[in-house]
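To keep things clear, I will list the structure first and then write my remarks on it.
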Amino acid sequence: MAETDPQEILAQARRYAEDLMLFEGRHFIVPEEVVLQASGLGEKEGFTSEEISAAEPAGRESVVASDEGLTLDAFREEICTCTRCPLGATRNQFVFGSGDPNAGIMFVGEAPGADEDQSGLPFVGAAGQLLTKIIEAMGLSREEVYICNILKCRPPGNRDPQPEEIAQCEPYLKRQIDLVQPRVLCTLGRFAAQTLLRSDLTMGRLRQSEHRYEGIPLVATYHPAALLRNPQWKRPTWEDIKKVRRLYDGVAL
Ligand code: SF4
């Protein structure tokens with residue numbers, strides 16, 4: 001058996017300790033005074049009450065009308081054998097998404113990796129486990145949110161998705177969003193944010209701004225895989241995640 005580098009063991013222990021401090025056993029609770037202010041949303045920095053209510057399902061009826069009668073499961077069945085782009089020929093499993101079909105929060109990553117390609121489920125590898133901790137730190141479970149990716153099939157070798165693959169697959173994501181009708185979207189990683197926002201700004205710049213996708217407030221934060229490599233980004237990620245939770249709760253930022 002190969003010897004494990006003591007430095008790597010130490011680094012792993014540090015990463016684990018940081019996870020414990022940042023994402024484990026730490027549940028985001030909206031302070032009472034903030035909840036009380038919620039009825040008078042709008043005069044603070046960030047999304048106003050009008051913006052938040054504009055993202056409510058009632059405000060997007062026209063978008064959803066074309067999906068009348070279609071369930072998320074039925075949509076999955078409809079597209080699970082897709083070969084619209086070359087990734088349909090190389091995937092092991094089609095990775096549609098998982099979670100509550102009526103979730104208030106929808107996380108959107110880039111594309112399935114090797115673990116996801118094998119299991120058919122999104123975010124199940126090491127990065128997925130960290131995402132689970134983040135969700136639990138918000139006071140929610142994976143079953144209470146919805147998790148998916150822009151691409152439904154794994155790019156070989158985890159290479160970056162190609163523009164034509166995105167062009168073919170993004171309409172599926174748009175339809176998923178229409179069906180779930182989340183109150184807030186949270187993109188994970190630069191690629192997902194840049195794709196949905198049609199932007200070439202850096203992750204750092206994207207995090208500093210408020211965004212919308214199809215009228216829905218969107219918070220851009222780091223991908224959990226990037227957090228595994230750069231633990232110093234966990235603190236800013238936690239700040240982003242608190243924004244997501246506040247938008248979910250309908251509390252002004
Ligand atoms: S990545 Fe999307 S468009 Fe390409 S084959 Fe898979 S489901 Fe179809």
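Residues are named by chain letter and number: chains run A, B, ... in the order of the structure tokens, numbers start at 1 in each chain, and ligands are numbered from 1 in the order shown.
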
* Asked: Within 9 Å of ligand 1, counting only C-alpha atoms and all ligand atoms: which residues, as number ranges by chain?
  -> A: 79-91, 94-96, 111, 150-155, 161, 164-172

* Please identify all polymer residues within 10 Å of stretch 140-144 of chain A, counting only C-alpha atoms, omitting same-chain residues fewer than 2 positions from it, and present them as a list of chain:residue names. =>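 My reading of the contact set: A:His27, A:Phe28, A:Ser98, A:Gly99, A:Asp100, A:Pro101, A:Asn102, A:Ala103, A:Gly104, A:Ile105, A:Met106, A:Leu131, A:Thr132, A:Lys133, A:Ile134, A:Ile135, A:Glu136, A:Ala137, A:Met138, A:Tyr146, A:Ile147, A:Arg245.
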
* **Surrounding residues of A:Gly125 excluding itself and chain neighbours under 4 positions, 8 Å, only C-alpha atoms, as a ChimeraX atom specification** => /A:115-116,129

* Per-residue DSSP, stretch 65-164 of chain A, filtered to strand (DSSP E), as an NGL selection string -> :A and (98-99 or 105-109 or 146-149)

* Coordinates-based distance that separates atom CA of A:Asn158 from atom CA of A:Pro236 (Å, one decimal) ->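 Interatomic distance here is 25.5 Å.
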